[in-house]
Amino acid sequence: TADPTADPTADPTADPTPAPTTFPTSSPTPLPTTTPTVTTAPTALRSESPTKMPSSAPTDGFIEFYAMTDYPYAAREVKKLPKHLAAIPADAPFIFHLGDTNNPANTNCTEDTFITTRDLLATAKSPVFLTPGENDWNACPYPDQALSHWRQYFERLEETWNHTISVKRQPNRQENIAFFMDFVLFVSVNIVGEPMSNPAEWKDRLTDDFDWVVNVMYQHREEMSSVVIFGHAPPDMYNSHFFGPMVEAANFYRVPILYVHGHGHTFETKSSIYSSPYVSTLQ
């Protein structure tokens, strides 16, 4: 017309409101039942190649980091651990222990076993981060005491090293951490396997885990190219209260998420978790 209305895109509306604290509460779909691909264990773990994002994030490259889990379980493994740590290159940005530093049947999760493993991990050339497993806590003969030992000796173990990683902690769950490195967001959550002695605690903890992940994802939404989440237990029916909403968050942000976990004692990869093209796992 002779006097057209203003261009509707000239003055866009404000950015979306802050990330919601919850996502739809419908029950997630079951996990895929296909047999996962099994490969030989690599010398280092590499995050998925990032996809293009509407930011300055790179579209290629990788970050090389190291992870271990369910170790050391026996006296012979205590002797092997220093050799394995010494073999990790000095320029590794960090090492992540995915939980289960104890075998309750052998150690009873006594304080001296936490001290021994702490001292061995402290010999690594790179900072070591940890997240608890059920054999560090809820599967121990005295769970509250074991968790107290874990917090005392492992929760801030990375502070042993003089490093430059800027670590954030969840205020109400100090074991859950996050840091951002080369456009990749790294997050840890307290996800353990059975036994589930307190269902209310279990649900509350998984809710806190999800709140932490979605909060730090929102903080880095404009710059993250991918997300790596560290936990101990796999995405199973016992932990669906976390994984269902987490997958919905991945779909919302359209960002690839790699969940790295222990518990299974084999090296396995899975893709399209909960039918999402954005979420894969590495055990």
# chains A, B, ... in the order shown; residues from 1 in each chain; ligands from 1
$ residues_around --residues "region 229-242 of chain A" --least-positions-apart "2" --cutoff "7 Å" --atoms "only C-alpha atoms" --output "list in words"
Leu98, Gly99, Thr131, Pro132, Gly133, Phe186, Val187, Ser188, Val189, Asn190, Ile191, Val192, Gly193, Lys203, Leu206, Thr207, Asp209, Phe210, Val227, Gly244, Pro245, Met246, Leu258, Tyr259, Val260, His261, Gly262 and His263 of chain A
$ closest_residue --among "A:Met196, A:Val279, A:Met224, A:Leu147" --to "Asn251 (chain A)" --atoms "only C-alpha atoms"
A:Val279
$ select_by_dssp --residues "region 157-232 of chain A" --states "alpha helix (DSSP H)" --output "PyMOL selection string"
chain A and resi 199-219
$ residues_around --residues "region 104-109 of chain A" --least-positions-apart "6" --cutoff "9 Å" --atoms "only C-alpha atoms" --output "list in words"
Tyr73, Ala74, Asn135, Asp136, Trp137, Ala139, Cys140, Pro141, Tyr142, Pro143, Gln145, Ala146 and His149 of chain A
$ select_by_dssp --residues "region 196-247 of chain A" --states "strand (DSSP E)" --output "VMD selection string"
chain A and resid 226 to 230
$ closest_residue --among "A:Ser225, A:Trp150, A:Thr281, A:Glu155" --to "Thr113 (chain A)" --atoms "only C-alpha atoms"
A:Trp150
$ residues_around --residues "Tyr153 (chain A)" --least-positions-apart "4" --cutoff "9 Å" --atoms "only C-alpha atoms" --output "ChimeraX atom specification"
/A:114-115,118,148-149,157
